[in-house]
Amino acid sequence: MSIVKSLRGQLAPIHPEGYLFVLGFAVVTFILWWIWAPLGWLGLIATLWCAYFFRDPPRVTPVRADLVVAPADGVVSFGGLAAPPPELGLGMAPLQRVSIFMSIFDCHVNRAPVEGRVAQIVYHPGLFLNADLDKASEDNERNSVIIDAPSGRFGVVQIAGLIARRIVCFTHEGALLAAGERIGLIRFGSRVDVYLPPGAQIVVGLGSRAVAGETVIAQVAAEGAPPPFHRS
């Protein structure tokens with residue numbers, strides 16, 4: 001294998017949502033280089049960071065039906081009971097919630113935490129507070145994906161952050177999702193919340209790092225559950 005192929009195999013591909021951003025950074029870099037070389041070097045660093053931000057590495061997802069995997073890369077900033085946003089239609093009673101905060105250095109491609117059917121997608125306009133704040137769950141711009149799974153109904157909420165200004169959703173209502181399947185992307189710093197059905201148990205620690213589609217964040221009762229969905 002050549003050195004070029006070896007290096008290419010070690011680099012994560014860029015998600016198509018990032019192509020225009022990387023191109024824009026590159027154009028600005030050429031302009032800065034023409035003005036003054038030191039500015040061009042700074043632009044090059046920024047362009048490389050942009051390409052790194054929009055990386056979309058492959059993931060290996062556990063296939064057990066009783067496992068809930070992380071929907072995002074980042075730090076687990078909350079794990080416990082919290083009232084779900086009203087647009088989820090999950091009731092007023094607090095549910096177990098896991099929140100994962102993504103910095104500008106984390107991969108921002110979001111993935112389905114479980115296998116199931118997309119029952120509803122609800123976009124809610126709002127503010128752009130620091131996504132690490134708890135009140136961001138209520139005040140910030142967000143996009144909610146409600147998933148009906150064999151073990152119950154899950155709410156996955158993409159929350160825009162202080163820098164993020166664009167939430168992208170890849171799925172649609174009625175879609176059948178596999179656990180770990182890509183469902184969206186948030187640009188430049190944000191958070192993803194997962195609301196778990198009653199009886200679920202959080203197994204991830206506060207402050208630990210999660211890997212989207214791979215890290216197990218919770219476990220649900222699988223005994224007596226109907227068989228998982230299959231794609232037609």
# chains A, B, ... in the order shown; residues from 1 in each chain; ligands from 1

$ residues_around --residues "Ala93 of chain A" --least-positions-apart "4" --cutoff "12 Å" --atoms "only C-alpha atoms" --output "list of chain:residue names"
A:Leu81, A:Ala82, A:Ala83, A:Pro84, A:Pro85, A:Pro86, A:Gly89, A:Tyr195, A:Pro197, A:Pro198

$ write_last_selection --atoms "C-alpha atoms" --output "mmCIF file, in the first residue's frame"
data_model
loop_
_atom_site.group_PDB
_atom_site.id
_atom_site.type_symbol
_atom_site.label_atom_id
_atom_site.label_comp_id
_atom_site.auth_asym_id
_atom_site.auth_seq_id
_atom_site.Cartn_x
_atom_site.Cartn_y
_atom_site.Cartn_z
ATOM 1 C CA LEU A 81 -34.367 13.232 35.833
ATOM 2 C CA ALA A 82 -35.572 16.250 33.849
ATOM 3 C CA ALA A 83 -38.892 17.446 32.449
ATOM 4 C CA PRO A 84 -38.994 16.971 28.650
ATOM 5 C CA PRO A 85 -39.816 19.901 26.348
ATOM 6 C CA PRO A 86 -43.586 20.069 25.683
ATOM 7 C CA GLY A 89 -45.375 14.974 23.684
ATOM 8 C CA TYR A 195 -35.003 11.472 26.914
ATOM 9 C CA PRO A 197 -38.611 5.840 28.405
ATOM 10 C CA PRO A 198 -39.686 4.799 31.924
#

$ residues_around --residues "Asp73 of chain A" --least-positions-apart "6" --cutoff "8 Å" --atoms "only C-alpha atoms" --output "ChimeraX atom specification"
/A:100-102,106-108,110,209-212

$ select_by_dssp --residues "segment 74-169 of chain A" --states "alpha helix (DSSP H)" --output "PyMOL selection string"
chain A and resi 136-139

$ residues_around --residues "Trp49 of chain A" --least-positions-apart "4" --cutoff "12 Å" --atoms "only C-alpha atoms" --output "short mmCIF file (atom, residue, chain, number, x, y, z; two decimals) with N, CA and C atoms, in the first residue's frame"
data_model
loop_
_atom_site.label_atom_id
_atom_site.label_comp_id
_atom_site.auth_asym_id
_atom_site.auth_seq_id
_atom_site.Cartn_x
_atom_site.Cartn_y
_atom_site.Cartn_z
N ILE A 14 -14.84 13.95 5.02
CA ILE A 14 -15.61 15.16 5.35
C ILE A 14 -17.05 14.93 4.96
N GLY A 18 -20.23 19.89 4.94
CA GLY A 18 -19.10 20.77 5.22
C GLY A 18 -18.34 21.24 4.02
N PHE A 21 -18.31 25.04 3.43
CA PHE A 21 -17.59 25.76 4.49
C PHE A 21 -16.09 25.62 4.29
N VAL A 22 -15.62 24.42 4.00
CA VAL A 22 -14.19 24.21 3.79
C VAL A 22 -13.71 24.99 2.58
N PHE A 25 -13.42 28.67 3.55
CA PHE A 25 -12.21 28.90 4.33
C PHE A 25 -10.98 28.90 3.42
N ALA A 26 -10.96 27.99 2.45
CA ALA A 26 -9.81 27.89 1.55
C ALA A 26 -9.68 29.14 0.68
N LEU A 42 -2.28 31.51 9.03
CA LEU A 42 -3.41 31.47 9.96
C LEU A 42 -4.67 30.95 9.26
N GLY A 43 -4.88 31.40 8.02
CA GLY A 43 -6.02 30.92 7.25
C GLY A 43 -5.93 29.43 6.98
N LEU A 44 -4.72 28.94 6.71
CA LEU A 44 -4.54 27.52 6.46
C LEU A 44 -4.90 26.69 7.69
N ILE A 45 -4.47 27.17 8.86
CA ILE A 45 -4.80 26.48 10.11
C ILE A 45 -6.32 26.45 10.30
N PHE A 53 -13.50 19.68 11.69
CA PHE A 53 -14.79 19.84 12.36
C PHE A 53 -15.88 19.03 11.65
N PHE A 54 -15.86 19.04 10.33
CA PHE A 54 -16.90 18.36 9.56
C PHE A 54 -16.55 16.91 9.24
N ARG A 55 -15.62 16.34 9.96
CA ARG A 55 -15.26 14.94 9.73
C ARG A 55 -16.45 14.02 10.04
N ILE A 104 -16.25 22.71 19.89
CA ILE A 104 -15.94 22.96 18.48
C ILE A 104 -14.88 21.99 17.95
N PHE A 105 -14.33 21.14 18.82
CA PHE A 105 -13.33 20.16 18.38
C PHE A 105 -13.91 18.76 18.27
N ASP A 106 -15.18 18.59 18.65
CA ASP A 106 -15.82 17.28 18.56
C ASP A 106 -16.45 17.09 17.19
N CYS A 107 -16.60 15.81 16.79
CA CYS A 107 -17.36 15.49 15.59
C CYS A 107 -18.82 15.85 15.84
N PHE A 188 -20.86 23.95 14.65
CA PHE A 188 -20.03 24.81 15.50
C PHE A 188 -20.49 24.92 16.96
#

$ closest_residue --among "A:Gly174, A:Gly180, A:Gly207, A:Gly199" --to "Arg59 of chain A" --atoms "only C-alpha atoms"
A:Gly180

$ closest_residue --among "A:Val75, A:Leu196, A:Leu67, A:Val220" --to "Pro94 of chain A" --atoms "only C-alpha atoms"
A:Leu196

$ residues_around --residues "Val109 of chain A" --least-positions-apart "4" --cutoff "7 Å" --atoms "only C-alpha atoms" --output "PyMOL selection string"
chain A and resi 56+72+182+184-185

$ closest_residue --among "A:Val194, A:Leu48, A:Leu95, A:Ala37" --to "Ser144 of chain A" --atoms "only C-alpha atoms"
A:Val194

$ select_by_dssp --residues "segment 49-142 of chain A" --states "strand (DSSP E or B)" --output "count of residues only"
36

$ residues_around --residues "Pro125 of chain A" --least-positions-apart "3" --cutoff "9 Å" --atoms "only C-alpha atoms" --output "ChimeraX atom specification"
/A:139-143

$ atom_distance --atom1 "atom CA of Thr29 of chain A" --atom2 "atom CA of Ser190 of chain A"
26.1 Å

$ residues_around --residues "Val69 of chain A" --least-positions-apart "4" --cutoff "12 Å" --atoms "only C-alpha atoms" --output "VMD selection string"
chain A and resid 59 to 65 73 98 100 110 to 115 154 156 178 to 181 194 196 202 to 204 210 to 220

$ write_last_selection --atoms "N, CA, C and O atoms" --output "compact mmCIF listing (two decimals), in the first residue's frame"
# COMPACT_ATOMS: atom_id res chain seq x y z
N ARG A 59 -18.42 4.36 12.41
CA ARG A 59 -18.56 3.90 13.78
C ARG A 59 -19.09 2.47 13.79
O ARG A 59 -19.84 2.05 12.90
N VAL A 60 -18.72 1.71 14.84
CA VAL A 60 -19.20 0.34 15.03
C VAL A 60 -20.18 0.35 16.19
O VAL A 60 -19.81 0.58 17.34
N THR A 61 -21.46 0.12 15.90
CA THR A 61 -22.53 0.25 16.89
C THR A 61 -22.90 -1.10 17.49
O THR A 61 -23.10 -2.07 16.75
N PRO A 62 -23.00 -1.19 18.82
CA PRO A 62 -23.48 -2.43 19.45
C PRO A 62 -24.88 -2.76 18.96
O PRO A 62 -25.72 -1.88 18.78
N VAL A 63 -25.16 -4.04 18.74
CA VAL A 63 -26.42 -4.43 18.13
C VAL A 63 -27.45 -4.97 19.12
O VAL A 63 -28.57 -5.29 18.74
N ARG A 64 -27.13 -5.04 20.40
CA ARG A 64 -28.09 -5.54 21.38
C ARG A 64 -29.28 -4.59 21.50
O ARG A 64 -29.12 -3.38 21.61
N ALA A 65 -30.49 -5.16 21.51
CA ALA A 65 -31.71 -4.36 21.50
C ALA A 65 -31.95 -3.61 22.80
O ALA A 65 -32.73 -2.66 22.83
N ASP A 73 -20.81 12.89 19.84
CA ASP A 73 -19.50 12.91 20.48
C ASP A 73 -19.46 14.05 21.48
O ASP A 73 -20.05 15.10 21.24
N VAL A 98 -30.09 12.12 29.30
CA VAL A 98 -28.64 12.19 29.16
C VAL A 98 -28.33 13.32 28.20
O VAL A 98 -28.87 13.38 27.09
N ILE A 100 -25.27 15.47 26.16
CA ILE A 100 -23.89 15.40 25.69
C ILE A 100 -23.53 16.73 25.05
O ILE A 100 -24.18 17.16 24.09
N ASN A 110 -24.63 13.67 14.26
CA ASN A 110 -25.46 13.03 15.29
C ASN A 110 -26.04 11.72 14.78
O ASN A 110 -26.33 11.58 13.59
N ARG A 111 -26.24 10.76 15.70
CA ARG A 111 -26.68 9.42 15.33
C ARG A 111 -27.86 8.96 16.18
O ARG A 111 -28.04 9.44 17.31
N ALA A 112 -28.64 8.04 15.65
CA ALA A 112 -29.80 7.52 16.37
C ALA A 112 -29.33 6.68 17.55
O ALA A 112 -28.47 5.82 17.39
N PRO A 113 -29.90 6.91 18.74
CA PRO A 113 -29.48 6.14 19.92
C PRO A 113 -30.03 4.73 19.95
O PRO A 113 -29.48 3.86 20.62
N VAL A 114 -31.13 4.49 19.23
CA VAL A 114 -31.77 3.17 19.21
C VAL A 114 -32.34 2.90 17.82
O VAL A 114 -32.46 3.81 17.00
N GLU A 115 -32.70 1.64 17.60
CA GLU A 115 -33.42 1.29 16.38
C GLU A 115 -34.90 1.60 16.56
O GLU A 115 -35.47 1.36 17.64
N PHE A 154 -38.48 7.42 22.58
CA PHE A 154 -37.29 8.19 22.90
C PHE A 154 -37.40 9.57 22.27
O PHE A 154 -37.90 9.72 21.15
N VAL A 156 -34.96 12.65 21.04
CA VAL A 156 -33.60 13.10 20.75
C VAL A 156 -33.68 14.56 20.35
O VAL A 156 -34.32 14.90 19.35
N ALA A 178 -31.78 2.59 12.03
CA ALA A 178 -30.95 1.62 12.73
C ALA A 178 -30.21 2.35 13.84
O ALA A 178 -29.92 3.55 13.73
N ALA A 179 -29.91 1.65 14.91
CA ALA A 179 -29.11 2.26 15.98
C ALA A 179 -27.77 2.69 15.42
O ALA A 179 -27.10 1.93 14.71
N GLY A 180 -27.38 3.92 15.70
CA GLY A 180 -26.11 4.44 15.19
C GLY A 180 -26.20 5.09 13.83
O GLY A 180 -25.20 5.63 13.33
N GLU A 181 -27.39 5.08 13.22
CA GLU A 181 -27.55 5.70 11.90
C GLU A 181 -27.48 7.22 12.01
O GLU A 181 -27.99 7.80 12.97
N VAL A 194 -31.02 13.22 25.18
CA VAL A 194 -31.81 12.02 24.92
C VAL A 194 -32.72 11.78 26.12
O VAL A 194 -32.24 11.64 27.25
N LEU A 196 -35.23 9.27 27.88
CA LEU A 196 -35.40 7.82 27.89
C LEU A 196 -36.79 7.43 28.38
O LEU A 196 -37.39 8.14 29.19
N ILE A 202 -29.58 4.74 33.26
CA ILE A 202 -28.39 5.39 32.74
C ILE A 202 -27.15 4.66 33.24
O ILE A 202 -27.02 4.36 34.43
N VAL A 203 -26.24 4.35 32.33
CA VAL A 203 -25.04 3.59 32.70
C VAL A 203 -23.75 4.36 32.39
O VAL A 203 -22.66 3.83 32.57
N VAL A 204 -23.89 5.60 31.92
CA VAL A 204 -22.71 6.41 31.61
C VAL A 204 -22.49 7.42 32.72
O VAL A 204 -23.45 7.88 33.36
N ALA A 210 -18.19 10.61 25.42
CA ALA A 210 -19.03 9.70 24.65
C ALA A 210 -18.63 9.75 23.18
O ALA A 210 -18.22 10.79 22.68
N VAL A 211 -18.80 8.64 22.51
CA VAL A 211 -18.55 8.53 21.07
C VAL A 211 -19.87 8.17 20.41
O VAL A 211 -20.47 7.14 20.73
N ALA A 212 -20.33 9.00 19.51
CA ALA A 212 -21.62 8.79 18.86
C ALA A 212 -21.69 7.44 18.16
O ALA A 212 -20.78 7.07 17.42
N GLY A 213 -22.78 6.71 18.43
CA GLY A 213 -22.98 5.44 17.77
C GLY A 213 -22.23 4.28 18.38
O GLY A 213 -22.42 3.13 17.96
N GLU A 214 -21.38 4.54 19.39
CA GLU A 214 -20.58 3.47 19.98
C GLU A 214 -20.72 3.39 21.50
O GLU A 214 -20.92 2.29 22.04
N THR A 215 -20.63 4.51 22.19
CA THR A 215 -20.68 4.50 23.65
C THR A 215 -22.09 4.17 24.14
O THR A 215 -23.06 4.82 23.73
N VAL A 216 -22.21 3.20 25.02
CA VAL A 216 -23.50 2.85 25.61
C VAL A 216 -23.79 3.83 26.74
O VAL A 216 -23.00 3.97 27.67
N ILE A 217 -24.93 4.53 26.65
CA ILE A 217 -25.27 5.52 27.67
C ILE A 217 -26.39 5.06 28.59
O ILE A 217 -26.57 5.59 29.68
N ALA A 218 -27.17 4.06 28.16
CA ALA A 218 -28.29 3.59 28.97
C ALA A 218 -28.67 2.18 28.56
O ALA A 218 -28.27 1.68 27.49
N GLN A 219 -29.46 1.54 29.44
CA GLN A 219 -29.95 0.20 29.15
C GLN A 219 -31.45 0.16 29.43
O GLN A 219 -31.93 0.76 30.39
N VAL A 220 -32.19 -0.50 28.56
CA VAL A 220 -33.63 -0.62 28.70
C VAL A 220 -34.01 -2.08 28.84
O VAL A 220 -33.24 -2.98 28.49

$ closest_residue --among "A:Leu20, A:Val68, A:Val28, A:Cys50" --to "Ser151 of chain A" --atoms "only C-alpha atoms"
A:Val68

$ closest_residue --among "A:Gly91, A:Pro58, A:Gly24, A:Gly205" --to "Phe78 of chain A" --atoms "only C-alpha atoms"
A:Gly205
